[in-house]
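*Asks:* As input, take protein.csv (CSV, C-alpha atoms):
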chain,number,residue,atom,x,y,z
M,1,MET,CA,0.0,0.0,0.0
M,2,LYS,CA,1.2,3.5,-0.8
M,3,VAL,CA,-0.1,6.5,1.1
M,4,LYS,CA,0.5,10.2,0.8
M,5,ALA,CA,-0.9,12.9,3.0
M,6,LYS,CA,-0.4,16.6,2.5
M,7,LEU,CA,-1.6,19.6,4.5
M,8,LYS,CA,-2.4,22.6,2.4
M,9,LYS,CA,-4.5,25.7,3.2
M,10,GLY,CA,-6.1,24.0,6.2
M,11,ASN,CA,-7.1,20.8,4.4
M,12,VAL,CA,-5.3,17.5,4.4
M,13,SER,CA,-5.5,15.6,1.1
M,14,VAL,CA,-4.8,11.9,1.1
M,15,LYS,CA,-3.9,9.6,-1.7
M,16,VAL,CA,-4.0,5.8,-1.2
M,17,LEU,CA,-3.0,3.2,-3.7
M,18,ALA,CA,-4.2,-0.1,-2.3
M,19,LYS,CA,-3.2,-3.6,-3.4
M,20,SER,CA,-6.0,-6.0,-4.4
M,21,PRO,CA,-7.0,-7.8,-7.6
M,22,MET,CA,-10.6,-6.5,-6.9
M,23,ALA,CA,-11.9,-9.7,-8.5
M,24,GLY,CA,-15.7,-10.2,-8.2
M,25,LYS,CA,-17.6,-13.4,-9.0
M,26,GLU,CA,-17.7,-12.9,-12.8
M,27,GLU,CA,-14.1,-11.8,-13.1
M,28,ALA,CA,-12.8,-14.6,-10.9
M,29,GLU,CA,-14.6,-17.2,-13.0
M,30,LYS,CA,-13.3,-15.8,-16.2
M,31,LYS,CA,-9.7,-15.5,-15.0
M,32,LYS,CA,-9.8,-18.7,-13.0
M,33,ILE,CA,-8.7,-16.9,-9.8
M,34,LYS,CA,-10.4,-16.7,-6.4
M,35,VAL,CA,-12.8,-14.0,-5.5
M,36,GLU,CA,-10.9,-11.3,-3.7
M,37,PHE,CA,-11.8,-7.7,-3.3
M,38,ILE,CA,-11.5,-5.0,-0.6
M,39,THR,CA,-14.9,-4.6,1.1
M,40,HIS,CA,-14.2,-1.8,3.6
M,41,MET,CA,-11.5,0.8,4.0
M,42,THR,CA,-11.0,3.3,6.8
M,43,ALA,CA,-8.7,6.3,7.4
M,44,THR,CA,-8.0,7.4,11.0
M,45,VAL,CA,-5.9,10.2,12.4
M,46,ASN,CA,-5.1,10.2,16.2
M,47,ASP,CA,-7.7,7.4,16.5
M,48,LYS,CA,-10.5,9.5,14.9
M,49,VAL,CA,-12.1,8.2,11.8
M,50,VAL,CA,-11.8,10.9,9.1
M,51,TRP,CA,-13.0,8.9,6.0
M,52,GLU,CA,-14.3,5.4,5.2
M,53,ALA,CA,-15.5,3.5,2.2
M,54,SER,CA,-17.6,0.4,1.7
M,55,THR,CA,-16.2,-1.0,-1.5
M,56,GLY,CA,-17.1,-3.5,-4.2
M,57,PRO,CA,-15.3,-5.4,-7.0
M,58,PHE,CA,-16.0,-2.7,-9.6
M,59,LEU,CA,-13.3,-0.5,-8.4
M,60,SER,CA,-10.2,-0.9,-10.5
M,61,LYS,CA,-7.5,-3.5,-9.7
M,62,ASN,CA,-5.2,-2.1,-7.0
M,63,PRO,CA,-7.7,0.7,-6.3
M,64,TYR,CA,-6.8,4.3,-6.0
M,65,MET,CA,-8.5,6.6,-3.5
M,66,GLN,CA,-8.2,10.3,-3.0
M,67,PHE,CA,-10.0,12.3,-0.3
M,68,VAL,CA,-9.8,15.5,1.6
M,69,PHE,CA,-10.5,16.4,5.2
M,70,ASN,CA,-10.4,19.6,7.3
M,71,ALA,CA,-7.3,19.5,9.6
M,72,GLU,CA,-8.8,21.7,12.3
M,73,LYS,CA,-12.1,19.8,12.5
M,74,ALA,CA,-10.2,16.5,12.6
M,75,GLY,CA,-7.7,17.7,15.1
M,76,ALA,CA,-4.9,16.8,12.8
M,77,LYS,CA,-1.6,18.6,12.3
M,78,LYS,CA,1.6,18.1,10.4
M,79,GLY,CA,3.5,15.0,11.5
M,80,ASP,CA,0.4,13.2,12.6
M,81,LYS,CA,-0.1,9.8,11.0
M,82,VAL,CA,-3.0,9.0,8.7
M,83,VAL,CA,-3.6,5.3,9.3
M,84,ILE,CA,-5.3,3.3,6.6
M,85,ASP,CA,-7.0,0.0,7.4
M,86,TRP,CA,-8.8,-2.3,5.0
M,87,ILE,CA,-10.5,-5.7,5.1
M,88,ASP,CA,-11.2,-7.9,2.0
M,89,SER,CA,-13.9,-10.4,1.0
M,90,ASN,CA,-11.8,-13.2,2.6
M,91,GLY,CA,-11.6,-11.4,5.9
M,92,LYS,CA,-7.9,-10.5,5.4
M,93,THR,CA,-6.9,-7.2,6.9
M,94,LYS,CA,-4.1,-4.8,6.1
M,95,LYS,CA,-2.8,-1.7,7.8
M,96,GLY,CA,-0.6,1.1,6.6
M,97,GLY,CA,-0.1,4.8,6.8
M,98,LYS,CA,1.9,7.9,6.4
M,99,LYS,CA,2.7,11.1,8.3
M,100,ILE,CA,1.0,14.3,7.2
M,101,LYS,CA,3.5,16.4,5.3
H,1,MET,CA,-35.6,1.9,7.7
H,2,GLN,CA,-36.6,3.8,10.8
H,3,ARG,CA,-34.1,6.2,12.0
H,4,ARG,CA,-34.0,4.7,15.5
H,5,LYS,CA,-33.3,1.3,14.1
H,6,PHE,CA,-30.7,2.7,11.8
H,7,LEU,CA,-28.9,4.4,14.7
H,8,SER,CA,-28.9,1.4,16.9
H,9,LEU,CA,-27.4,-0.6,14.1
H,10,GLY,CA,-24.7,2.0,13.7
H,11,ALA,CA,-23.9,1.7,17.4
H,12,VAL,CA,-23.6,-2.1,17.1
H,13,ALA,CA,-21.3,-1.7,14.1
H,14,ALA,CA,-19.1,0.8,16.0
H,15,VAL,CA,-18.7,-1.6,18.9
H,16,ALA,CA,-18.2,-4.6,16.7
H,17,THR,CA,-15.3,-3.0,14.9
H,18,VAL,CA,-12.6,-1.8,17.2
H,19,LEU,CA,-12.6,1.6,15.5
H,20,PRO,CA,-13.4,4.7,17.5
H,21,SER,CA,-17.0,5.8,17.1
H,22,SER,CA,-16.4,9.4,16.5
H,23,VAL,CA,-17.9,8.8,13.0
H,24,SER,CA,-20.8,6.4,12.6
H,25,ALA,CA,-18.5,3.7,11.3
H,26,THR,CA,-20.9,2.0,8.9
H,27,ASP,CA,-20.2,-1.0,6.8
H,28,PHE,CA,-22.7,-0.4,4.0
H,29,ARG,CA,-22.1,-3.9,2.6
H,30,LYS,CA,-23.3,-5.5,5.8
H,31,GLU,CA,-26.1,-3.1,6.5
H,32,LYS,CA,-27.5,-2.8,3.0
H,33,PRO,CA,-26.6,-6.1,1.3
H,34,ALA,CA,-29.4,-5.7,-1.4
H,35,ALA,CA,-27.9,-2.5,-2.7
H,36,TRP,CA,-24.7,-4.4,-3.7
H,37,GLN,CA,-26.7,-7.1,-5.6
H,38,ALA,CA,-28.8,-4.7,-7.7
H,39,GLU,CA,-28.0,-4.8,-11.4
H,40,GLY,CA,-29.1,-1.3,-12.3
H,41,SER,CA,-28.4,2.1,-10.7
H,42,VAL,CA,-32.0,2.9,-10.1
H,43,GLU,CA,-32.6,-0.3,-8.1
H,44,ALA,CA,-29.3,0.0,-6.3
H,45,ILE,CA,-30.0,3.6,-5.2
H,46,LYS,CA,-33.4,2.5,-4.0
H,47,ALA,CA,-32.0,-0.4,-2.1
H,48,LEU,CA,-29.4,1.8,-0.4
H,49,TYR,CA,-31.5,4.9,0.4
H,50,GLY,CA,-35.1,4.0,-0.2
H,51,ASP,CA,-37.5,6.3,-2.1
H,52,ILE,CA,-35.7,9.6,-2.1
H,53,LYS,CA,-36.1,12.9,-3.8
H,54,LEU,CA,-33.0,14.0,-5.7
H,55,ILE,CA,-31.7,17.5,-6.2
H,56,GLU,CA,-29.6,17.9,-9.3
H,57,GLY,CA,-27.0,20.4,-10.3
H,58,LYS,CA,-24.9,20.7,-7.2
H,59,ILE,CA,-22.3,17.9,-7.7
H,60,LYS,CA,-19.6,17.9,-10.3
H,61,ILE,CA,-18.4,14.6,-11.8
H,62,LYS,CA,-15.0,14.7,-13.4
H,63,ALA,CA,-14.5,11.8,-15.8
H,64,PRO,CA,-12.9,11.4,-19.2
H,65,LYS,CA,-15.3,11.8,-22.2
H,66,LEU,CA,-13.7,8.8,-23.7
H,67,ALA,CA,-12.0,6.3,-21.4
H,68,GLU,CA,-9.3,4.3,-23.3
H,69,ASN,CA,-8.8,1.7,-20.5
H,70,GLY,CA,-12.1,0.4,-19.1
H,71,GLY,CA,-10.1,-1.3,-16.4
H,72,ALA,CA,-9.3,1.9,-14.6
H,73,VAL,CA,-11.6,4.9,-15.4
H,74,PRO,CA,-10.8,7.9,-13.2
H,75,ILE,CA,-13.9,9.4,-11.6
H,76,GLY,CA,-13.7,12.6,-9.5
H,77,MET,CA,-16.6,13.9,-7.4
H,78,LYS,CA,-16.8,17.3,-6.0
H,79,SER,CA,-19.2,19.8,-4.4
H,80,LYS,CA,-19.5,22.6,-1.9
H,81,ILE,CA,-22.3,20.8,-0.1
H,82,GLU,CA,-21.5,19.4,3.3
H,83,VAL,CA,-22.3,15.7,3.1
H,84,GLU,CA,-22.5,12.6,5.3
H,85,SER,CA,-22.0,10.0,2.6
H,86,VAL,CA,-21.4,9.8,-1.1
H,87,ALA,CA,-22.3,6.7,-3.2
H,88,LEU,CA,-21.0,5.9,-6.7
H,89,PHE,CA,-23.0,3.7,-9.2
H,90,GLN,CA,-22.5,2.7,-12.8
H,91,ASP,CA,-24.4,0.7,-15.4
H,92,ALA,CA,-21.4,-0.9,-17.2
H,93,ASN,CA,-20.9,-3.9,-15.0
H,94,PRO,CA,-22.9,-6.9,-13.8
H,95,ARG,CA,-23.9,-5.0,-10.6
H,96,SER,CA,-24.3,-1.2,-10.1
H,97,ALA,CA,-22.9,-0.2,-6.7
H,98,VAL,CA,-19.2,0.6,-6.7
H,99,VAL,CA,-18.4,2.4,-3.5
H,100,VAL,CA,-20.0,4.3,-0.6
H,101,PHE,CA,-17.9,6.9,1.1
H,102,GLU,CA,-18.5,8.4,4.5
H,103,LEU,CA,-16.9,11.7,5.2
H,104,GLY,CA,-17.6,12.2,9.0
H,105,ASP,CA,-17.4,15.6,10.7
H,106,SER,CA,-14.2,16.8,9.0
H,107,GLY,CA,-14.6,15.5,5.4
H,108,VAL,CA,-14.5,17.8,2.4
H,109,PHE,CA,-16.6,16.6,-0.6
H,110,ASP,CA,-13.6,16.2,-2.9
H,111,LEU,CA,-13.2,12.5,-3.8
H,112,LYS,CA,-11.4,10.6,-6.6
H,113,THR,CA,-11.2,7.0,-7.4
H,114,LYS,CA,-10.8,4.6,-10.4
H,115,ILE,CA,-13.4,2.2,-11.5
H,116,LYS,CA,-14.0,-0.7,-14.0
H,117,MET,CA,-16.3,-0.1,-16.9
H,118,ARG,CA,-16.7,-2.9,-19.5
H,119,LYS,CA,-18.8,-0.7,-21.8
H,120,THR,CA,-20.1,2.8,-22.4
H,121,ALA,CA,-22.6,3.7,-19.7
H,122,ASN,CA,-23.8,6.3,-17.2
H,123,VAL,CA,-22.0,7.0,-13.9
H,124,THR,CA,-24.3,8.2,-11.1
H,125,VAL,CA,-23.2,9.9,-7.8
H,126,ILE,CA,-25.7,10.3,-4.9
H,127,ALA,CA,-24.7,12.3,-1.9
H,128,LYS,CA,-26.6,12.5,1.4
H,129,GLY,CA,-26.2,16.1,2.7
H,130,LYS,CA,-25.8,17.0,6.4
H,131,ASP,CA,-29.1,18.8,5.8
H,132,GLY,CA,-30.8,15.4,5.2
H,133,LYS,CA,-31.4,16.1,1.5
H,134,PHE,CA,-30.1,13.9,-1.3
H,135,TYR,CA,-28.1,15.3,-4.2
H,136,SER,CA,-27.3,13.6,-7.5
H,137,ALA,CA,-25.3,13.9,-10.7
H,138,VAL,CA,-25.1,11.7,-13.7
H,139,LYS,CA,-22.4,11.6,-16.4
H,140,LYS,CA,-22.0,9.4,-19.5
H,141,VAL,CA,-18.6,7.9,-19.9
H,142,GLU,CA,-17.6,6.3,-23.2
H,143,VAL,CA,-15.3,3.3,-23.0
H,144,SER,CA,-13.3,2.2,-26.0
H,145,ILE,CA,-11.8,-1.0,-24.5
H,146,GLY,CA,-13.8,-2.8,-21.8
H,147,GLY,CA,-12.6,-3.4,-18.3
H,148,CYS,CA,-11.5,-6.8,-17.1
H,149,GLY,CA,-14.9,-7.4,-15.5
H,150,GLY,CA,-16.8,-10.6,-16.4
Show the structure stored in the file as structure tokens.

*Replies:*
Amino acid sequence: MKVKAKLKKGNVSVKVLAKSPMAGKEEAEKKKIKVEFITHMTATVNDKVVWEASTGPFLSKNPYMQFVFNAEKAGAKKGDKVVIDWIDSNGKTKKGGKKIK
Amino acid sequence: MQRRKFLSLGAVAAVATVLPSSVSATDFRKEKPAAWQAEGSVEAIKALYGDIKLIEGKIKIKAPKLAENGGAVPIGMKSKIEVESVALFQDANPRSAVVVFELGDSGVFDLKTKIKMRKTANVTVIAKGKDGKFYSAVKKVEVSIGGCGG
């Protein structure tokens, strides 16, 4: 997973490049691979949830996410870590993150 | 769904996941399973939000007019409205729902992601405002080579 977080004019913009085949039922059958896609992704800063997504297999392979949150309202500042968690259709979890630049 | 029932479900979800409950941590896949099985956008939106009145013209969808690679079509969604959640649908794949975002207290409605589209179709964005109203936008995206979906 690749994460970038940047504070600019009071807002933190976050870019996440996740890693998953995002293969749903039809695609898995066609490619003869197992069904595997991220089902839920969460972003937290200082234990506060700032963004979350319930996801399905029609996001691109290795899905890309970009979102923005207000630093003051989230109580976030430069150097704080944006933590990304996700869980996939097989119950497998992954955690990563990056400090806010 | 009644609001009270919805709220109690949210509380259960927040406890079940170890995440802090500062935002109503909602797993829309678990709470609204029917929405993820619907084939068309109209049914999927109805399964997710019920019968809602939509306000158009407030959300901007940024997408290529012609997507060369249907496997990763960039879709941007933006608005000045303060929103709770934003859902993205399309009519190019076996099922319509793609992703539901929740922005919490601090979120700014400025999202971008990449989706699969195996043919030319409409992309629909539905946002639930903090004012309780629903906003929508639709954009047609032409796809020259289909995505790797079934």

*Asks:* If you measure from atom CA of M:Ile84 to atom CA of H:Lys32, what distance in Å do you get, rounded to one decimal?

*Replies:*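 Separating atom CA of M:Ile84 from atom CA of H:Lys32 is a distance of 23.3 Å.
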
*Asks:* From the list M:His40, M:Ala76, M:Lys101, M:Lys32, which residue is nearest H:Arg29 when using only C-alpha atoms?

*Replies:*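 Of the candidates, the smallest distance to H:Arg29 is held by M:His40.
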
*Asks:* Figure out the distance between atom CA of M:Thr39 and atom CA of M:Gly56, please, to one decimal in Å.

*Replies:* 5.8 Å

*Asks:* Any chance you could tabulate, as CSV, the residues of chain H at most 6 Å from chain M with each one's nearest atom pair and distance in Å to one decimal, using all atoms listed in the file, in chain and rising number order?

*Replies:*
residue,atom,partner,partner_atom,distance
H:Val23,CA,M:Val49,CA,6.0
H:Asp27,CA,M:Ser54,CA,5.9
H:Phe28,CA,M:Ser54,CA,5.7
H:Gly71,CA,M:Ser60,CA,5.9
H:Ala72,CA,M:Ser60,CA,5.0
H:Val98,CA,M:Gly56,CA,5.2
H:Val99,CA,M:Thr55,CA,4.5
H:Val100,CA,M:Ser54,CA,5.1
H:Phe101,CA,M:Ala53,CA,4.3
H:Glu102,CA,M:Glu52,CA,5.2
H:Leu103,CA,M:Trp51,CA,4.9
H:Gly104,CA,M:Val50,CA,5.9
H:Ser106,CA,M:Asn70,CA,5.0
H:Gly107,CA,M:Phe69,CA,4.2
H:Val108,CA,M:Phe69,CA,5.1
H:Asp110,CA,M:Phe67,CA,5.9
H:Leu111,CA,M:Phe67,CA,4.7
H:Lys112,CA,M:Gln66,CA,4.8
H:Thr113,CA,M:Met65,CA,4.8
H:Lys114,CA,M:Ser60,CA,5.5
H:Ile115,CA,M:Leu59,CA,4.1
H:Lys116,CA,M:Ser60,CA,5.2
H:Gly149,CA,M:Glu27,CA,5.1
H:Gly150,CA,M:Glu26,CA,4.4

*Asks:* Can you write out the residues you just picked, keeping C-alpha atoms, as a CSV table (one decimal), in the frame of the given file?

*Replies:*
chain,number,residue,atom,x,y,z
H,23,VAL,CA,-17.9,8.8,13.0
H,27,ASP,CA,-20.2,-1.0,6.8
H,28,PHE,CA,-22.7,-0.4,4.0
H,71,GLY,CA,-10.1,-1.3,-16.4
H,72,ALA,CA,-9.3,1.9,-14.6
H,98,VAL,CA,-19.2,0.6,-6.7
H,99,VAL,CA,-18.4,2.4,-3.5
H,100,VAL,CA,-20.0,4.3,-0.6
H,101,PHE,CA,-17.9,6.9,1.1
H,102,GLU,CA,-18.5,8.4,4.5
H,103,LEU,CA,-16.9,11.7,5.2
H,104,GLY,CA,-17.6,12.2,9.0
H,106,SER,CA,-14.2,16.8,9.0
H,107,GLY,CA,-14.6,15.5,5.4
H,108,VAL,CA,-14.5,17.8,2.4
H,110,ASP,CA,-13.6,16.2,-2.9
H,111,LEU,CA,-13.2,12.5,-3.8
H,112,LYS,CA,-11.4,10.6,-6.6
H,113,THR,CA,-11.2,7.0,-7.4
H,114,LYS,CA,-10.8,4.6,-10.4
H,115,ILE,CA,-13.4,2.2,-11.5
H,116,LYS,CA,-14.0,-0.7,-14.0
H,149,GLY,CA,-14.9,-7.4,-15.5
H,150,GLY,CA,-16.8,-10.6,-16.4

*Asks:* Enter the distance from atom CA of M:Ile87 to atom CA of M:Lys4, in Å, rounded to one decimal.

*Replies:*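 Rounded to one decimal, the two atoms are 19.8 Å apart.
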
*Asks:* I want to know what sits within 7 Å of H:Lys128, based on all atoms listed in the file, with residues of the same chain fewer than 2 positions away left out; could you give that as a list in words?

*Replies:*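 Residues near the query, excluding close chain neighbours: Val83, Glu84, Ser85, Val86, Ile126, Lys130, Gly132, Lys133, Phe134 and Tyr135 of chain H.
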
*Asks:* Create the file for the chosen residues now, containing C-alpha atoms and written as a compact mmCIF listing (two decimals), in the frame of the given file.

*Replies:*
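Output file out.txt follows:
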# COMPACT_ATOMS: atom_id res chain seq x y z
CA VAL H 83 -22.30 15.70 3.10
CA GLU H 84 -22.50 12.60 5.30
CA SER H 85 -22.00 10.00 2.60
CA VAL H 86 -21.40 9.80 -1.10
CA ILE H 126 -25.70 10.30 -4.90
CA LYS H 130 -25.80 17.00 6.40
CA GLY H 132 -30.80 15.40 5.20
CA LYS H 133 -31.40 16.10 1.50
CA PHE H 134 -30.10 13.90 -1.30
CA TYR H 135 -28.10 15.30 -4.20

*Asks:* Let me make sure I understand: among M:Lys99, M:Lys92, M:Lys78, M:Lys34, which one has the smallest atom-to-atom distance to M:Leu7 if we use all atoms listed in the file?

*Replies:*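 Using all atoms listed in the file, M:Leu7 sits closest to M:Lys78.
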
*Asks:* Got a sec: who's within 8 Å of M:Val83, counting all atoms listed in the file, leaving out chain neighbours fewer than 4 positions off, as JSON, numbers by chain?

*Replies:* {"M": [43, 44, 45, 95, 96, 97, 98]}

*Asks:* Using only C-alpha atoms, find the one residue out of H:Ala127, H:Ile145, H:Ile75, H:Ala97 that sits nearest to H:Gly40.

*Replies:*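 Checking each of H:Ala127, H:Ile145, H:Ile75, H:Ala97 against H:Gly40, counting only C-alpha atoms, the winner is H:Ala97.
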
*Asks:* I'd like the contact shell of H:Ala34 - 10 Å cut-off, only C-alpha atoms, skipping same-chain residues fewer than 5 positions apart - returned as a PyMOL selection string.

*Replies:* chain H and resi 29+43-44+46-48

*Asks:* Counting all atoms listed in the file, which residues have an atom no more than 7 Å from (-1.4, 10.5, 15.2) in the file's coordinates? Please list them as a ChimeraX atom specification.

*Replies:* /M:45-46,80-82

*Asks:* Measuring between all atoms listed in the file, which one of H:Glu82, H:Glu68, H:Asp91, H:Glu142 shows the shortest distance to H:Ser41?

*Replies:*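 That would be H:Asp91, the residue with the smallest distance to H:Ser41.
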
*Asks:* Can you sort out stretch 95-127 of chain H so it carries N, CA and C atoms, written as a PDB file, in the frame of the given file?

*Replies:*
ATOM      1  N   ARG H  95     -23.170  -5.609 -11.709  1.00  0.00           N
ATOM      2  CA  ARG H  95     -23.900  -5.000 -10.600  1.00  0.00           C
ATOM      3  C   ARG H  95     -23.513  -3.493 -10.548  1.00  0.00           C
ATOM      4  N   SER H  96     -24.398  -2.700  -9.996  1.00  0.00           N
ATOM      5  CA  SER H  96     -24.300  -1.200 -10.100  1.00  0.00           C
ATOM      6  C   SER H  96     -23.431  -0.542  -9.065  1.00  0.00           C
ATOM      7  N   ALA H  97     -23.584  -0.937  -7.803  1.00  0.00           N
ATOM      8  CA  ALA H  97     -22.900  -0.200  -6.700  1.00  0.00           C
ATOM      9  C   ALA H  97     -21.390  -0.399  -6.801  1.00  0.00           C
ATOM     10  N   VAL H  98     -20.658   0.685  -6.656  1.00  0.00           N
ATOM     11  CA  VAL H  98     -19.200   0.600  -6.700  1.00  0.00           C
ATOM     12  C   VAL H  98     -18.599   0.867  -5.319  1.00  0.00           C
ATOM     13  N   VAL H  99     -18.964   2.003  -4.756  1.00  0.00           N
ATOM     14  CA  VAL H  99     -18.400   2.400  -3.500  1.00  0.00           C
ATOM     15  C   VAL H  99     -19.285   3.377  -2.768  1.00  0.00           C
ATOM     16  N   VAL H 100     -19.307   3.302  -1.423  1.00  0.00           N
ATOM     17  CA  VAL H 100     -20.000   4.300  -0.600  1.00  0.00           C
ATOM     18  C   VAL H 100     -19.000   4.917   0.333  1.00  0.00           C
ATOM     19  N   PHE H 101     -18.797   6.210   0.209  1.00  0.00           N
ATOM     20  CA  PHE H 101     -17.900   6.900   1.100  1.00  0.00           C
ATOM     21  C   PHE H 101     -18.613   7.550   2.233  1.00  0.00           C
ATOM     22  N   GLU H 102     -17.947   7.619   3.387  1.00  0.00           N
ATOM     23  CA  GLU H 102     -18.500   8.400   4.500  1.00  0.00           C
ATOM     24  C   GLU H 102     -17.440   9.401   4.915  1.00  0.00           C
ATOM     25  N   LEU H 103     -17.872  10.644   5.045  1.00  0.00           N
ATOM     26  CA  LEU H 103     -16.900  11.700   5.200  1.00  0.00           C
ATOM     27  C   LEU H 103     -16.784  12.209   6.690  1.00  0.00           C
ATOM     28  N   GLY H 104     -17.693  11.795   7.556  1.00  0.00           N
ATOM     29  CA  GLY H 104     -17.600  12.200   9.000  1.00  0.00           C
ATOM     30  C   GLY H 104     -17.721  13.688   9.167  1.00  0.00           C
ATOM     31  N   ASP H 105     -17.211  14.178  10.310  1.00  0.00           N
ATOM     32  CA  ASP H 105     -17.400  15.600  10.700  1.00  0.00           C
ATOM     33  C   ASP H 105     -16.426  16.494   9.899  1.00  0.00           C
ATOM     34  N   SER H 106     -15.271  15.941   9.541  1.00  0.00           N
ATOM     35  CA  SER H 106     -14.200  16.800   9.000  1.00  0.00           C
ATOM     36  C   SER H 106     -14.041  16.666   7.496  1.00  0.00           C
ATOM     37  N   GLY H 107     -14.809  15.783   6.868  1.00  0.00           N
ATOM     38  CA  GLY H 107     -14.600  15.500   5.400  1.00  0.00           C
ATOM     39  C   GLY H 107     -14.996  16.648   4.532  1.00  0.00           C
ATOM     40  N   VAL H 108     -14.246  16.808   3.463  1.00  0.00           N
ATOM     41  CA  VAL H 108     -14.500  17.800   2.400  1.00  0.00           C
ATOM     42  C   VAL H 108     -14.973  16.946   1.206  1.00  0.00           C
ATOM     43  N   PHE H 109     -16.046  17.373   0.557  1.00  0.00           N
ATOM     44  CA  PHE H 109     -16.600  16.600  -0.600  1.00  0.00           C
ATOM     45  C   PHE H 109     -15.669  16.826  -1.795  1.00  0.00           C
ATOM     46  N   ASP H 110     -14.583  16.088  -1.839  1.00  0.00           N
ATOM     47  CA  ASP H 110     -13.600  16.200  -2.900  1.00  0.00           C
ATOM     48  C   ASP H 110     -12.971  14.789  -3.024  1.00  0.00           C
ATOM     49  N   LEU H 111     -13.599  13.903  -3.808  1.00  0.00           N
ATOM     50  CA  LEU H 111     -13.200  12.500  -3.800  1.00  0.00           C
ATOM     51  C   LEU H 111     -12.744  12.103  -5.234  1.00  0.00           C
ATOM     52  N   LYS H 112     -11.833  11.166  -5.276  1.00  0.00           N
ATOM     53  CA  LYS H 112     -11.400  10.600  -6.600  1.00  0.00           C
ATOM     54  C   LYS H 112     -11.118   9.147  -6.423  1.00  0.00           C
ATOM     55  N   THR H 113     -11.512   8.365  -7.411  1.00  0.00           N
ATOM     56  CA  THR H 113     -11.200   7.000  -7.400  1.00  0.00           C
ATOM     57  C   THR H 113     -11.117   6.463  -8.852  1.00  0.00           C
ATOM     58  N   LYS H 114     -10.818   5.188  -9.025  1.00  0.00           N
ATOM     59  CA  LYS H 114     -10.800   4.600 -10.400  1.00  0.00           C
ATOM     60  C   LYS H 114     -11.689   3.386 -10.384  1.00  0.00           C
ATOM     61  N   ILE H 115     -12.494   3.283 -11.438  1.00  0.00           N
ATOM     62  CA  ILE H 115     -13.400   2.200 -11.500  1.00  0.00           C
ATOM     63  C   ILE H 115     -13.316   1.376 -12.786  1.00  0.00           C
ATOM     64  N   LYS H 116     -13.923   0.178 -12.760  1.00  0.00           N
ATOM     65  CA  LYS H 116     -14.000  -0.700 -14.000  1.00  0.00           C
ATOM     66  C   LYS H 116     -15.240  -0.357 -14.733  1.00  0.00           C
ATOM     67  N   MET H 117     -15.137  -0.268 -16.045  1.00  0.00           N
ATOM     68  CA  MET H 117     -16.300  -0.100 -16.900  1.00  0.00           C
ATOM     69  C   MET H 117     -16.115  -0.966 -18.128  1.00  0.00           C
ATOM     70  N   ARG H 118     -16.964  -1.978 -18.326  1.00  0.00           N
ATOM     71  CA  ARG H 118     -16.700  -2.900 -19.500  1.00  0.00           C
ATOM     72  C   ARG H 118     -17.396  -2.365 -20.738  1.00  0.00           C
ATOM     73  N   LYS H 119     -18.184  -1.304 -20.610  1.00  0.00           N
ATOM     74  CA  LYS H 119     -18.800  -0.700 -21.800  1.00  0.00           C
ATOM     75  C   LYS H 119     -19.175   0.745 -21.499  1.00  0.00           C
ATOM     76  N   THR H 120     -19.616   1.464 -22.523  1.00  0.00           N
ATOM     77  CA  THR H 120     -20.100   2.800 -22.400  1.00  0.00           C
ATOM     78  C   THR H 120     -21.346   2.850 -21.518  1.00  0.00           C
ATOM     79  N   ALA H 121     -21.395   3.696 -20.514  1.00  0.00           N
ATOM     80  CA  ALA H 121     -22.600   3.700 -19.700  1.00  0.00           C
ATOM     81  C   ALA H 121     -22.588   5.008 -18.816  1.00  0.00           C
ATOM     82  N   ASN H 122     -23.676   5.178 -18.094  1.00  0.00           N
ATOM     83  CA  ASN H 122     -23.800   6.300 -17.200  1.00  0.00           C
ATOM     84  C   ASN H 122     -23.157   5.998 -15.832  1.00  0.00           C
ATOM     85  N   VAL H 123     -22.546   7.033 -15.256  1.00  0.00           N
ATOM     86  CA  VAL H 123     -22.000   7.000 -13.900  1.00  0.00           C
ATOM     87  C   VAL H 123     -22.903   7.884 -13.064  1.00  0.00           C
ATOM     88  N   THR H 124     -23.382   7.401 -11.920  1.00  0.00           N
ATOM     89  CA  THR H 124     -24.300   8.200 -11.100  1.00  0.00           C
ATOM     90  C   THR H 124     -23.663   8.397  -9.693  1.00  0.00           C
ATOM     91  N   VAL H 125     -23.711   9.630  -9.208  1.00  0.00           N
ATOM     92  CA  VAL H 125     -23.200   9.900  -7.800  1.00  0.00           C
ATOM     93  C   VAL H 125     -24.435  10.412  -7.031  1.00  0.00           C
ATOM     94  N   ILE H 126     -24.625   9.826  -5.854  1.00  0.00           N
ATOM     95  CA  ILE H 126     -25.700  10.300  -4.900  1.00  0.00           C
ATOM     96  C   ILE H 126     -25.005  10.679  -3.630  1.00  0.00           C
ATOM     97  N   ALA H 127     -25.295  11.884  -3.170  1.00  0.00           N
ATOM     98  CA  ALA H 127     -24.700  12.300  -1.900  1.00  0.00           C
ATOM     99  C   ALA H 127     -25.822  12.634  -0.921  1.00  0.00           C
TER     100      ALA H 127
END
